[in-house]
file start.txt (compact mmCIF, N, CA and C atoms)
# COMPACT_ATOMS: atom_id res chain seq x y z
N MET A 918 -93.15 59.11 -58.16
CA MET A 918 -93.67 60.22 -58.91
C MET A 918 -93.61 59.97 -60.41
N GLU A 919 -93.29 58.78 -60.85
CA GLU A 919 -93.14 58.58 -62.28
C GLU A 919 -94.44 58.74 -63.05
N THR A 920 -95.61 58.60 -62.41
CA THR A 920 -96.87 58.79 -63.14
C THR A 920 -97.60 60.05 -62.69
N THR A 921 -96.95 60.90 -61.96
CA THR A 921 -97.56 62.17 -61.54
C THR A 921 -97.25 63.22 -62.60
N ASP A 922 -98.25 64.04 -62.91
CA ASP A 922 -98.10 65.08 -63.93
C ASP A 922 -97.90 66.43 -63.26
N LEU A 923 -96.73 67.02 -63.49
CA LEU A 923 -96.43 68.36 -62.98
C LEU A 923 -96.22 69.28 -64.17
N SER A 924 -97.13 70.22 -64.36
CA SER A 924 -96.94 71.18 -65.45
C SER A 924 -96.30 72.44 -64.88
N GLU A 925 -95.48 73.10 -65.67
CA GLU A 925 -94.79 74.33 -65.27
C GLU A 925 -94.22 74.21 -63.85
N PHE A 926 -93.28 73.32 -63.69
CA PHE A 926 -92.73 73.00 -62.37
C PHE A 926 -92.21 74.22 -61.63
N ASP A 927 -91.84 75.27 -62.34
CA ASP A 927 -91.32 76.46 -61.68
C ASP A 927 -92.41 77.29 -60.99
N LEU A 928 -93.69 76.94 -61.19
CA LEU A 928 -94.80 77.61 -60.52
C LEU A 928 -95.35 76.78 -59.35
N ILE A 929 -94.66 75.68 -59.02
CA ILE A 929 -95.14 74.76 -57.98
C ILE A 929 -94.16 74.74 -56.82
N ARG A 930 -94.69 74.84 -55.61
CA ARG A 930 -93.88 74.68 -54.40
C ARG A 930 -94.41 73.49 -53.63
N ILE A 931 -93.53 72.57 -53.29
CA ILE A 931 -93.92 71.37 -52.55
C ILE A 931 -93.10 71.32 -51.28
N GLY A 932 -93.81 71.29 -50.14
CA GLY A 932 -93.15 71.30 -48.83
C GLY A 932 -92.53 69.96 -48.47
N ASP A 933 -91.71 69.97 -47.44
CA ASP A 933 -91.06 68.76 -46.95
C ASP A 933 -92.10 67.72 -46.52
N GLN A 934 -91.81 66.48 -46.81
CA GLN A 934 -92.60 65.31 -46.43
C GLN A 934 -94.01 65.31 -47.03
N ALA A 935 -94.25 66.09 -48.08
CA ALA A 935 -95.54 66.05 -48.78
C ALA A 935 -95.60 64.77 -49.61
N MET A 936 -96.81 64.22 -49.76
CA MET A 936 -97.00 62.99 -50.52
C MET A 936 -97.88 63.25 -51.73
N LEU A 937 -97.34 62.99 -52.92
CA LEU A 937 -98.10 63.09 -54.15
C LEU A 937 -98.27 61.66 -54.67
N ASN A 938 -99.50 61.16 -54.66
CA ASN A 938 -99.75 59.78 -55.02
C ASN A 938 -99.91 59.59 -56.52
N ALA A 939 -99.92 58.34 -56.95
CA ALA A 939 -99.94 57.98 -58.37
C ALA A 939 -101.07 58.67 -59.12
N ASP A 940 -100.75 59.07 -60.33
CA ASP A 940 -101.72 59.64 -61.27
C ASP A 940 -102.37 60.95 -60.80
N CYS A 941 -101.79 61.62 -59.82
CA CYS A 941 -102.33 62.94 -59.48
C CYS A 941 -101.76 63.95 -60.47
N THR A 942 -102.50 65.03 -60.69
CA THR A 942 -102.08 66.06 -61.62
C THR A 942 -102.00 67.39 -60.88
N ILE A 943 -100.86 68.03 -60.98
CA ILE A 943 -100.64 69.34 -60.39
C ILE A 943 -100.54 70.31 -61.57
N GLN A 944 -101.65 71.01 -61.86
CA GLN A 944 -101.77 71.76 -63.11
C GLN A 944 -101.84 73.26 -62.84
N THR A 945 -100.82 73.97 -63.28
CA THR A 945 -100.71 75.40 -63.03
C THR A 945 -101.33 76.26 -64.13
N HIS A 946 -101.95 75.63 -65.11
CA HIS A 946 -102.57 76.39 -66.21
C HIS A 946 -103.90 75.77 -66.59
N LEU A 947 -104.73 76.59 -67.22
CA LEU A 947 -106.02 76.12 -67.73
C LEU A 947 -106.48 77.09 -68.79
N PHE A 948 -107.05 76.57 -69.85
CA PHE A 948 -107.59 77.40 -70.93
C PHE A 948 -109.08 77.57 -70.64
N GLU A 949 -109.50 78.75 -70.17
CA GLU A 949 -110.88 79.02 -69.80
C GLU A 949 -111.41 80.21 -70.59
N ASP A 950 -112.59 80.05 -71.16
CA ASP A 950 -113.23 81.15 -71.89
C ASP A 950 -112.29 81.79 -72.91
N ARG A 951 -111.58 80.95 -73.63
CA ARG A 951 -110.63 81.37 -74.67
C ARG A 951 -109.44 82.16 -74.13
N VAL A 952 -109.16 82.02 -72.86
CA VAL A 952 -108.04 82.73 -72.23
C VAL A 952 -107.17 81.71 -71.50
N MET A 953 -105.85 81.76 -71.75
CA MET A 953 -104.92 80.90 -71.03
C MET A 953 -104.66 81.53 -69.67
N LYS A 954 -104.95 80.79 -68.60
CA LYS A 954 -104.77 81.30 -67.24
C LYS A 954 -103.70 80.45 -66.56
N MET A 955 -102.79 81.10 -65.84
CA MET A 955 -101.71 80.42 -65.13
C MET A 955 -101.48 81.08 -63.78
N SER A 956 -101.09 80.28 -62.81
CA SER A 956 -100.72 80.82 -61.50
C SER A 956 -100.00 79.72 -60.73
N THR A 957 -99.71 80.00 -59.49
CA THR A 957 -98.93 79.08 -58.66
C THR A 957 -99.80 78.08 -57.92
N ILE A 958 -99.14 77.03 -57.45
CA ILE A 958 -99.74 76.04 -56.57
C ILE A 958 -98.76 75.82 -55.43
N GLU A 959 -99.27 75.84 -54.20
CA GLU A 959 -98.44 75.57 -53.03
C GLU A 959 -98.98 74.36 -52.29
N ILE A 960 -98.13 73.36 -52.13
CA ILE A 960 -98.48 72.16 -51.37
C ILE A 960 -97.58 72.18 -50.14
N GLY A 961 -98.18 72.41 -48.99
CA GLY A 961 -97.41 72.61 -47.76
C GLY A 961 -96.76 71.33 -47.25
N PRO A 962 -95.95 71.47 -46.20
CA PRO A 962 -95.29 70.32 -45.61
C PRO A 962 -96.31 69.32 -45.06
N ARG A 963 -96.00 68.05 -45.21
CA ARG A 963 -96.80 66.93 -44.71
C ARG A 963 -98.20 66.84 -45.34
N CYS A 964 -98.41 67.49 -46.48
CA CYS A 964 -99.70 67.40 -47.18
C CYS A 964 -99.77 66.09 -47.96
N LYS A 965 -101.00 65.68 -48.23
CA LYS A 965 -101.22 64.47 -49.03
C LYS A 965 -102.14 64.82 -50.19
N VAL A 966 -101.71 64.48 -51.40
CA VAL A 966 -102.54 64.62 -52.59
C VAL A 966 -102.84 63.20 -53.05
N GLY A 967 -104.11 62.81 -53.00
CA GLY A 967 -104.52 61.44 -53.28
C GLY A 967 -104.35 61.03 -54.73
N ALA A 968 -104.34 59.72 -54.94
CA ALA A 968 -104.21 59.15 -56.28
C ALA A 968 -105.35 59.64 -57.17
N GLY A 969 -105.01 60.09 -58.37
CA GLY A 969 -106.00 60.53 -59.33
C GLY A 969 -106.55 61.93 -59.10
N SER A 970 -106.07 62.61 -58.07
CA SER A 970 -106.56 63.97 -57.80
C SER A 970 -106.01 64.97 -58.81
N LEU A 971 -106.79 66.02 -59.02
CA LEU A 971 -106.40 67.11 -59.90
C LEU A 971 -106.36 68.38 -59.07
N VAL A 972 -105.20 69.02 -59.01
CA VAL A 972 -105.03 70.27 -58.27
C VAL A 972 -104.76 71.37 -59.30
N LEU A 973 -105.62 72.40 -59.31
CA LEU A 973 -105.49 73.47 -60.28
C LEU A 973 -104.80 74.70 -59.70
N TYR A 974 -104.40 75.59 -60.59
CA TYR A 974 -103.70 76.80 -60.21
C TYR A 974 -104.46 77.60 -59.15
N ASP A 975 -103.73 78.42 -58.42
CA ASP A 975 -104.25 79.24 -57.31
C ASP A 975 -104.66 78.41 -56.10
N THR A 976 -104.21 77.16 -56.01
CA THR A 976 -104.51 76.33 -54.85
C THR A 976 -103.36 76.40 -53.87
N ARG A 977 -103.71 76.45 -52.59
CA ARG A 977 -102.70 76.44 -51.52
C ARG A 977 -103.17 75.47 -50.45
N LEU A 978 -102.48 74.34 -50.33
CA LEU A 978 -102.76 73.38 -49.28
C LEU A 978 -101.87 73.71 -48.09
N GLU A 979 -102.47 74.04 -46.96
CA GLU A 979 -101.69 74.36 -45.78
C GLU A 979 -101.12 73.09 -45.17
N ALA A 980 -100.16 73.25 -44.28
CA ALA A 980 -99.43 72.13 -43.67
C ALA A 980 -100.37 71.03 -43.18
N GLY A 981 -100.11 69.81 -43.60
CA GLY A 981 -100.85 68.65 -43.12
C GLY A 981 -102.22 68.45 -43.74
N ALA A 982 -102.62 69.28 -44.69
CA ALA A 982 -103.92 69.12 -45.34
C ALA A 982 -103.88 67.92 -46.29
N ALA A 983 -105.04 67.30 -46.51
CA ALA A 983 -105.11 66.13 -47.38
C ALA A 983 -106.23 66.29 -48.39
N LEU A 984 -105.93 65.99 -49.66
CA LEU A 984 -106.92 65.96 -50.72
C LEU A 984 -107.09 64.50 -51.10
N GLY A 985 -108.33 64.01 -51.02
CA GLY A 985 -108.61 62.59 -51.19
C GLY A 985 -108.29 62.01 -52.56
N THR A 986 -108.73 60.77 -52.75
CA THR A 986 -108.35 60.02 -53.94
C THR A 986 -109.23 60.27 -55.14
N SER A 987 -110.39 60.86 -54.96
CA SER A 987 -111.23 61.10 -56.14
C SER A 987 -110.83 62.42 -56.80
N PRO A 988 -110.91 62.46 -58.13
CA PRO A 988 -110.49 63.67 -58.83
C PRO A 988 -111.28 64.88 -58.37
N SER A 989 -110.62 65.99 -58.25
CA SER A 989 -111.28 67.24 -57.88
C SER A 989 -110.63 68.36 -58.66
N ASP A 990 -111.45 69.11 -59.38
CA ASP A 990 -110.88 70.23 -60.12
C ASP A 990 -111.20 71.55 -59.43
N GLU A 991 -111.62 71.46 -58.20
CA GLU A 991 -111.93 72.66 -57.45
C GLU A 991 -110.66 73.37 -57.00
N ARG A 992 -110.67 74.67 -57.08
CA ARG A 992 -109.55 75.45 -56.56
C ARG A 992 -109.87 75.80 -55.12
N ARG A 993 -109.53 74.92 -54.23
CA ARG A 993 -109.80 75.09 -52.80
C ARG A 993 -108.49 75.38 -52.09
N ASN A 994 -108.59 75.90 -50.90
CA ASN A 994 -107.42 76.17 -50.09
C ASN A 994 -107.62 75.49 -48.74
N PRO A 995 -107.42 74.17 -48.69
CA PRO A 995 -107.64 73.43 -47.45
C PRO A 995 -106.78 73.95 -46.30
N ALA A 996 -107.42 74.18 -45.17
CA ALA A 996 -106.71 74.66 -43.98
C ALA A 996 -105.82 73.57 -43.42
N ALA A 997 -104.88 73.98 -42.63
CA ALA A 997 -103.92 73.04 -42.01
C ALA A 997 -104.64 71.92 -41.29
N GLY A 998 -104.20 70.70 -41.53
CA GLY A 998 -104.71 69.52 -40.83
C GLY A 998 -106.09 69.05 -41.24
N THR A 999 -106.71 69.66 -42.27
CA THR A 999 -108.04 69.22 -42.69
C THR A 999 -107.94 68.20 -43.82
N SER A 1000 -109.04 67.48 -44.04
CA SER A 1000 -109.07 66.45 -45.08
C SER A 1000 -110.25 66.74 -46.00
N TRP A 1001 -110.03 66.67 -47.32
CA TRP A 1001 -111.04 66.98 -48.32
C TRP A 1001 -111.22 65.81 -49.27
N GLU A 1002 -112.46 65.61 -49.74
CA GLU A 1002 -112.77 64.48 -50.60
C GLU A 1002 -113.94 64.85 -51.51
N GLY A 1003 -113.99 64.27 -52.70
CA GLY A 1003 -115.15 64.36 -53.57
C GLY A 1003 -115.08 65.41 -54.65
N ILE A 1004 -116.19 65.48 -55.43
CA ILE A 1004 -116.31 66.44 -56.52
C ILE A 1004 -117.63 67.19 -56.31
N PRO A 1005 -117.63 68.45 -55.99
CA PRO A 1005 -116.45 69.25 -55.65
C PRO A 1005 -115.90 68.81 -54.31
N ALA A 1006 -114.64 69.13 -54.08
CA ALA A 1006 -114.00 68.73 -52.82
C ALA A 1006 -114.71 69.36 -51.63
N ARG A 1007 -114.96 68.53 -50.62
CA ARG A 1007 -115.63 68.99 -49.40
C ARG A 1007 -114.82 68.52 -48.20
N SER A 1008 -114.86 69.32 -47.16
CA SER A 1008 -114.16 68.96 -45.93
C SER A 1008 -114.83 67.74 -45.31
N GLU A 1009 -114.02 66.79 -44.84
CA GLU A 1009 -114.56 65.60 -44.21
C GLU A 1009 -114.77 65.81 -42.73

call {"tool": "encode", "arguments": {"input": "start.txt", "output": "structure tokens"}}
result
Amino acid sequence: METTDLSEFDLIRIGDQAMLNADCTIQTHLFEDRVMKMSTIEIGPRCKVGAGSLVLYDTRLEAGAALGTSPSDERRNPAAGTSWEGIPARSE
């Protein structure tokens, strides 16, 4: 995790056996339309966040969900056991 970016760690929940790969960003804030917005991120047990992926606030990955290796700034809520890839992230 030495190259993973976790902002506002107290707003992030990471489940057991979750994998956060190199250069992924778990970002709980964003400056949109001149307004600072913040919220939580939940990464469930056994989830995978691919290298270089961007996970934004209000995202909840259910148990075993996977977000692929290409960057995605979509606020999606992948269902348990599903796999997502691309920009915007789409179910595989």

call {"tool": "closest_residue", "arguments": {"input": "start.txt", "among": "A:Ala982, A:Pro962, A:Tyr974, A:Met953", "to": "A:Leu923", "atoms": "only C-alpha atoms"}}
result
A:Tyr974

call {"tool": "atom_distance", "arguments": {"input": "start.txt", "atom1": "atom C of A:Leu971", "atom2": "atom N of A:Asn938"}}
result
10.9 Å

call {"tool": "select_by_dssp", "arguments": {"input": "start.txt", "residues": "chain A", "states": "strand (DSSP E or B)", "output": "number ranges by chain"}}
result
A: 922-923, 929-931, 936-937, 942-944, 946-949, 952-955, 958-960, 965-966, 971-973, 976-978, 983-984, 1000-1002, 1007-1008

call {"tool": "atom_distance", "arguments": {"input": "start.txt", "atom1": "atom N of A:Val966", "atom2": "atom N of A:Ile929"}}
result
15.3 Å

call {"tool": "atom_distance", "arguments": {"input": "start.txt", "atom1": "atom C of A:Ala996", "atom2": "atom C of A:Glu1009"}}
result
11.9 Å

call {"tool": "residues_around", "arguments": {"input": "start.txt", "residues": "A:Lys965", "least_positions_apart": "2", "cutoff": "6 Å", "atoms": "all atoms listed in the file", "output": "PyMOL selection string"}}
result
chain A and resi 935-937+963+967+981-984

call {"tool": "closest_residue", "arguments": {"input": "start.txt", "among": "A:Asp927, A:Ser956, A:Thr976, A:Asp922", "to": "A:Ile943", "atoms": "all atoms listed in the file"}}
result
A:Asp922

call {"tool": "closest_residue", "arguments": {"input": "start.txt", "among": "A:Gln944, A:Ser924, A:Ala939, A:Gly961", "to": "A:Asp975", "atoms": "only N, CA and C atoms"}}
result
A:Gln944

call {"tool": "closest_residue", "arguments": {"input": "start.txt", "among": "A:His946, A:Gly1003, A:Ile960, A:Arg977", "to": "A:Gly932", "atoms": "only N, CA and C atoms"}}
result
A:Ile960

call {"tool": "closest_residue", "arguments": {"input": "start.txt", "among": "A:Ile931, A:Glu925, A:Gly985, A:Asn994", "to": "A:Thr945", "atoms": "all atoms listed in the file"}}
result
A:Glu925

call {"tool": "closest_residue", "arguments": {"input": "start.txt", "among": "A:Arg1007, A:Thr957, A:Phe948, A:Glu979", "to": "A:Pro995", "atoms": "all atoms listed in the file"}}
result
A:Glu979
